[in-house]
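Beneath this line is the structure, given in structure tokens, with notes to follow.
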Amino acid sequence: MFDDVADLYQQVILDHCKHPRNFRELTPCTCSAQGRNPLCGDQLKLFLNLDGDKITEAAFVGSGCCISKASASLLTDAVKGKTRNEAGAMFELVRELVTKGKAEGDVGKLAVFAGVHKFPARVKCAILSWHALMAALKGEGQPVSTENEHN
Amino acid sequence: MNDSQKVDWSALRKDFPILNQQVHGQPLVYFDNAATSQKPRQVVQALVNYYERDNANVHRGLHELSNRATKAFEAARERAAKFINARQSDEIIWTRGTTEAINLVATAWGTKFIKAGDVILLTEMEHHSNIVPWQLLAQRTGAKLAFLPIIGDIGLLDLARLDEFLTDRVKLLSFVHISNALGTINPVVELCERARRKGITTFVDAAQSAGHRPLDVQEIGCDFLAVSGHKMCGPTGIGFLYGRMELLEQMPPYHGGGEMILTADYHKSTYKVPPHRFEAGTPDISGPIGLHAAMDYLDAIGRDMISEHDQQLGAYAYEKLMGLDKIRIFGPHVGRAGLVSFLLNDIHAHDVTELANQKGIALRGGHHCTQPLMRKLGVESTSRASFYFYNTTAEIDRLFDVLKEIQKFFGS
Ligand SMILES: Cc1ncc(COP(=O)(O)O)c(C=O)c1O
């Protein structure tokens, strides 16, 4: 039906978009951050609980397109149990993956986002929650935006 | 038979070679005309002719080419004046488009006439370009903004409340003629008349209407009106501001530089009269020349015909798309302009737009530069199909089929 976009809208992505995991507020939480995509007006808020250096829990709320929602949902699963440094390394891998179509490292389930690189306008959607993650870990109070993310 | 049925609309498509192409293996359906229209060959040719034969700077050469360029540049101004029935061509100021026209007035007129405590009245359906320049002016002067409400999803202005909003403090009413996000056609004559009775200056954002229906500033009775050439078959980067001469004469310059001075000294200069007072520096010269050809093109078809055809397409699309399950269409049910803004189930507008694109259909998905309106409607974004005279009902049927497939794809 939509064969050409099957790469973008993988089954796993459709599933996470329709049934986002960890879709709730965490209160209280160790840190949180907002992400905004000025192009679409999408926004989400990401919440983290940390035990020392380790992320023990991640959750999000907000609204956005299928790609940004699925990305946030998969992120909350993926970063659980990771240290700050490991989460930072994942951010770099995901960025490489969605802009180049492949990444030098194990991205696990996140590999479903490889197809995004063929749709440059959607890179911002896929990376939004990851920017929010980095901002939350850095403890930045300002909402982050994908404005300067180049395709 | 309606008059507009006498026009052979599909024959006009041959003037737009760009429409005749495949996108993702499907015939292109261009439904993003509210963002920018396509340009007919006649306009492209006017640009080519200018650059191949007449190119020179304007108003500063004594040679043949400069004379020709200046003549064409000023002839375009005459044409623009005629296009909106201004009293004189000196009431037309070239700008980059509607956005710059609004900024010009907010800066030049606003700085002189707006004081702390004054109110600038806008409406809840304005484009960012008719909000942000006034916010900047308000911040500079201590003036306040007020917004005439709209009624629900049908997106009509609540005219019953207009008098309540037209208080003694209101100095300016600025509003959109045709909403790019809703397809609402506002009663421009009535709005200007009711404001004028209270001595309030009026500004009409005609970005979406200028290329789609006849415009007569004397009949409308507005003080200012802004037009974007690129939405009416003209090149990008050119548009104009109409201003009533009595007001223009009282306004200080917008930008300073060459072309706008009468005499210049190290510490003080004197300025030309309008319109040149507001056109500093070497202007876009090919722009007005291309726009001239666009205005000729539109009037050869007849803007009354275009408006009738638009409304037929708008009504057809509304009826047709209402046949889809779980669709929410914004804007008026009847008397809408040639665009349909909608949400399909709970599918995000960007996902709809992406999938439509895969079927060769160019839609816009997003907030349409009307974020406050979106917030008012309780949504983040919508998908929008916006038509021009070269679009057909067959293309709308195709959109309907593709939207059905999209619903199936998302399993809703
Ligand atoms: C209603 C309305 N007003 C203003 C604008 C701004 O026009 P431009 O971007 O050509 O300056 C647009 C177009 O985007 C519009 O649709």
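As shown in the structure tokens, the chain order sets the letters A, B, ...; within each chain, residues go from 1, and ligands are also counted from 1 in the order they appear.
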| When the cut-off is 6 Å and you count only C-alpha atoms and all ligand atoms, which residues lie near ligand 1, shown as a list in words? | Ala35, Gly97, Thr98, Thr99, His127, Ser129, Val176, Ser179, Asn180, Asp205, Ala207, Gln208 and Ser228 of chain B
Create the file for the chosen residues now, containing C-alpha atoms and written as a PDB file, in the first residue's frame.
ATOM      1  CA  ALA B  35       2.053  28.263   0.816  1.00  0.00           C
ATOM      2  CA  GLY B  97       5.831  40.305   0.535  1.00  0.00           C
ATOM      3  CA  THR B  98       3.095  40.539   3.125  1.00  0.00           C
ATOM      4  CA  THR B  99       5.462  40.030   6.037  1.00  0.00           C
ATOM      5  CA  HIS B 127      -0.771  34.438  10.657  1.00  0.00           C
ATOM      6  CA  SER B 129       3.314  37.753  10.316  1.00  0.00           C
ATOM      7  CA  VAL B 176      -6.583  38.590   7.574  1.00  0.00           C
ATOM      8  CA  SER B 179      -7.417  32.705   6.617  1.00  0.00           C
ATOM      9  CA  ASN B 180      -4.647  30.412   5.392  1.00  0.00           C
ATOM     10  CA  ASP B 205      -3.664  41.038   5.130  1.00  0.00           C
ATOM     11  CA  ALA B 207      -1.881  37.387   1.185  1.00  0.00           C
ATOM     12  CA  GLN B 208      -4.434  34.666   0.490  1.00  0.00           C
ATOM     13  CA  SER B 228       2.495  38.545  -1.558  1.00  0.00           C
TER      14      SER B 228
END
| query | So which residues touch range 263-272 of chain B within 10 Å, counting only C-alpha atoms, skipping near sequence neighbours fewer than 5 positions away, as an NGL selection string? | reply | :B and (249 or 252-253 or 256-258 or 277-279)
| request: Skip range 105-112 of chain A itself and residues of its chain fewer than 2 positions away, then list as a PyMOL selection string all residues within 12 Å of it, counting only C-alpha atoms. | output: chain A and resi 6-16+67+70-79+86-87+89-98+100-103+114-117+126-127+130
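Between CA of Lys69 in chain A and CA of Arg375 in chain B there is a distance of 19.8 Å.
Neighbours of His333 in chain B closer than or equal to 10 Å, with only C-alpha atoms counted and sequence neighbours fewer than 4 positions away skipped, come out as Asp153, Ile154, Gly155, Gly183, Thr184, Gly314, Ala315, Tyr318, Glu319 and Ile329 of chain B.
Taking only C-alpha atoms into account, chain A lies nearest to B:Glu380 out of the set B:Glu380, B:Ala385, B:Thr393, B:Ile131.
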| request: Output as a VMD selection string the set of chain B residues within 7 Å of chain A, with distances taken over only C-alpha atoms. | output: chain B and resid 348 350 to 351 366 to 367 380 to 381
Written file, previous selection with all heavy atoms, as a compact mmCIF listing (two decimals), in the first residue's frame:
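Once everything was written out, this is part33.txt:
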# COMPACT_ATOMS: atom_id res chain seq x y z
N HIS B 348 -1.27 12.01 13.28
CA HIS B 348 -0.62 13.32 13.28
C HIS B 348 -0.54 13.87 11.85
O HIS B 348 -0.31 13.13 10.90
CB HIS B 348 0.78 13.18 13.87
CG HIS B 348 1.42 14.49 14.21
ND1 HIS B 348 2.06 15.26 13.27
CD2 HIS B 348 1.51 15.15 15.38
CE1 HIS B 348 2.52 16.35 13.86
NE2 HIS B 348 2.20 16.31 15.14
N HIS B 350 1.68 15.40 10.31
CA HIS B 350 2.92 15.12 9.57
C HIS B 350 2.94 13.73 8.97
O HIS B 350 3.52 13.51 7.91
CB HIS B 350 4.13 15.29 10.49
CG HIS B 350 4.59 16.70 10.51
ND1 HIS B 350 5.78 17.09 11.02
CD2 HIS B 350 3.99 17.82 10.07
CE1 HIS B 350 5.91 18.39 10.90
NE2 HIS B 350 4.83 18.86 10.34
N ASP B 351 2.32 12.81 9.67
CA ASP B 351 2.28 11.45 9.13
C ASP B 351 1.34 11.40 7.92
O ASP B 351 1.65 10.74 6.92
CB ASP B 351 1.83 10.47 10.22
CG ASP B 351 2.85 10.41 11.37
OD1 ASP B 351 4.05 10.35 11.06
OD2 ASP B 351 2.44 10.45 12.53
N GLY B 366 1.08 20.95 9.57
CA GLY B 366 1.78 21.74 10.57
C GLY B 366 0.86 22.76 11.18
O GLY B 366 -0.37 22.61 11.14
N HIS B 367 1.46 23.83 11.70
CA HIS B 367 0.63 24.85 12.36
C HIS B 367 0.32 26.01 11.42
O HIS B 367 -0.39 26.93 11.80
CB HIS B 367 1.28 25.34 13.65
CG HIS B 367 2.71 25.74 13.47
ND1 HIS B 367 3.10 26.76 12.64
CD2 HIS B 367 3.85 25.26 14.01
CE1 HIS B 367 4.41 26.89 12.68
NE2 HIS B 367 4.90 25.98 13.49
N GLU B 380 -2.43 20.76 17.66
CA GLU B 380 -1.07 21.23 17.45
C GLU B 380 -0.85 21.59 15.99
O GLU B 380 -0.06 22.46 15.65
CB GLU B 380 -0.08 20.13 17.78
CG GLU B 380 0.77 20.44 18.95
CD GLU B 380 0.54 19.39 19.99
OE1 GLU B 380 0.62 18.22 19.62
OE2 GLU B 380 0.24 19.75 21.13
N SER B 381 -1.54 20.85 15.16
CA SER B 381 -1.31 21.03 13.74
C SER B 381 -2.50 20.45 12.98
O SER B 381 -3.31 19.74 13.56
CB SER B 381 -0.03 20.30 13.33
OG SER B 381 -0.09 18.95 13.76
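Pairwise distance (CA of Ile396 in chain B, CA of Gly411 in chain B) equals 22.6 Å.
Separating CA of Arg197 in chain B from CA of Leu162 in chain B is a distance of 12.6 Å.
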| field | Among the residues B:Asp32, B:Lys171, B:Ile261, B:Val23, the one that comes closest to Ser383 in chain B [using only C-alpha atoms] | value | B:Asp32
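Residue neighbourhood of Gly61 in chain B, excluding near-sequence residues (fewer than 6 positions): Asn67, Ala69 and Thr70 of chain B, at 10 Å, using only C-alpha atoms.
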Which of range 6-149 of chain A DSSP labels strand (DSSP E), written as a compact mmCIF listing (two decimals) with N, CA and C atoms, in the first residue's frame:
# COMPACT_ATOMS: atom_id res chain seq x y z
N CYS A 31 15.36 14.28 37.29
CA CYS A 31 15.50 15.40 36.36
C CYS A 31 14.52 15.22 35.20
N SER A 32 14.26 16.32 34.51
CA SER A 32 13.35 16.25 33.37
C SER A 32 13.75 17.35 32.39
N ALA A 33 13.27 17.25 31.17
CA ALA A 33 13.54 18.31 30.20
C ALA A 33 12.46 18.27 29.13
N GLN A 34 12.25 19.45 28.52
CA GLN A 34 11.26 19.54 27.44
C GLN A 34 11.96 19.59 26.10
N GLY A 35 11.34 18.99 25.11
CA GLY A 35 11.87 19.09 23.76
C GLY A 35 10.79 19.68 22.87
N ARG A 36 11.20 20.55 21.96
CA ARG A 36 10.24 21.17 21.05
C ARG A 36 10.74 21.08 19.64
N ASN A 37 9.84 20.85 18.74
CA ASN A 37 10.17 20.85 17.33
C ASN A 37 9.43 22.02 16.69
N ASP A 42 5.50 20.20 17.70
CA ASP A 42 5.52 19.04 18.58
C ASP A 42 6.26 19.37 19.86
N GLN A 43 5.78 18.84 20.95
CA GLN A 43 6.56 18.95 22.16
C GLN A 43 6.39 17.73 23.04
N LEU A 44 7.44 17.45 23.78
CA LEU A 44 7.35 16.36 24.73
C LEU A 44 8.18 16.70 25.94
N LYS A 45 7.85 16.00 27.05
CA LYS A 45 8.62 16.20 28.27
C LYS A 45 9.12 14.84 28.70
N LEU A 46 10.40 14.79 28.98
CA LEU A 46 11.04 13.54 29.35
C LEU A 46 11.43 13.58 30.83
N PHE A 47 11.14 12.49 31.54
CA PHE A 47 11.44 12.43 32.98
C PHE A 47 12.43 11.29 33.23
N LEU A 48 13.40 11.53 34.10
CA LEU A 48 14.36 10.48 34.44
C LEU A 48 14.48 10.34 35.96
N ASN A 49 14.65 9.09 36.40
CA ASN A 49 15.08 8.84 37.77
C ASN A 49 16.46 8.22 37.71
N LEU A 50 17.36 8.72 38.51
CA LEU A 50 18.71 8.18 38.54
C LEU A 50 19.05 7.66 39.93
N ASP A 51 19.81 6.59 39.93
CA ASP A 51 20.36 6.10 41.18
C ASP A 51 21.86 6.25 41.02
N LYS A 54 23.30 5.92 37.45
CA LYS A 54 22.53 5.01 36.60
C LYS A 54 21.07 5.44 36.44
N ILE A 55 20.59 5.39 35.20
CA ILE A 55 19.18 5.72 34.95
C ILE A 55 18.34 4.51 35.36
N THR A 56 17.44 4.72 36.31
CA THR A 56 16.63 3.59 36.76
C THR A 56 15.25 3.60 36.12
N GLU A 57 14.82 4.77 35.69
CA GLU A 57 13.47 4.88 35.15
C GLU A 57 13.41 6.05 34.17
N ALA A 58 12.67 5.88 33.09
CA ALA A 58 12.48 6.98 32.14
C ALA A 58 11.02 6.95 31.67
N ALA A 59 10.46 8.12 31.51
CA ALA A 59 9.08 8.20 31.04
C ALA A 59 8.90 9.51 30.27
N PHE A 60 7.81 9.61 29.51
CA PHE A 60 7.58 10.87 28.78
C PHE A 60 6.09 11.14 28.60
N VAL A 61 5.79 12.41 28.37
CA VAL A 61 4.44 12.81 27.98
C VAL A 61 4.60 13.80 26.83
N GLY A 62 3.51 14.07 26.13
CA GLY A 62 3.59 15.05 25.05
C GLY A 62 2.89 14.54 23.81
N SER A 63 3.07 15.30 22.75
CA SER A 63 2.39 14.90 21.53
C SER A 63 3.32 15.14 20.36
N VAL A 144 14.74 22.37 25.05
CA VAL A 144 15.63 22.26 23.90
C VAL A 144 14.78 22.22 22.64
N SER A 145 15.34 22.67 21.56
CA SER A 145 14.60 22.57 20.31
C SER A 145 15.51 21.94 19.27
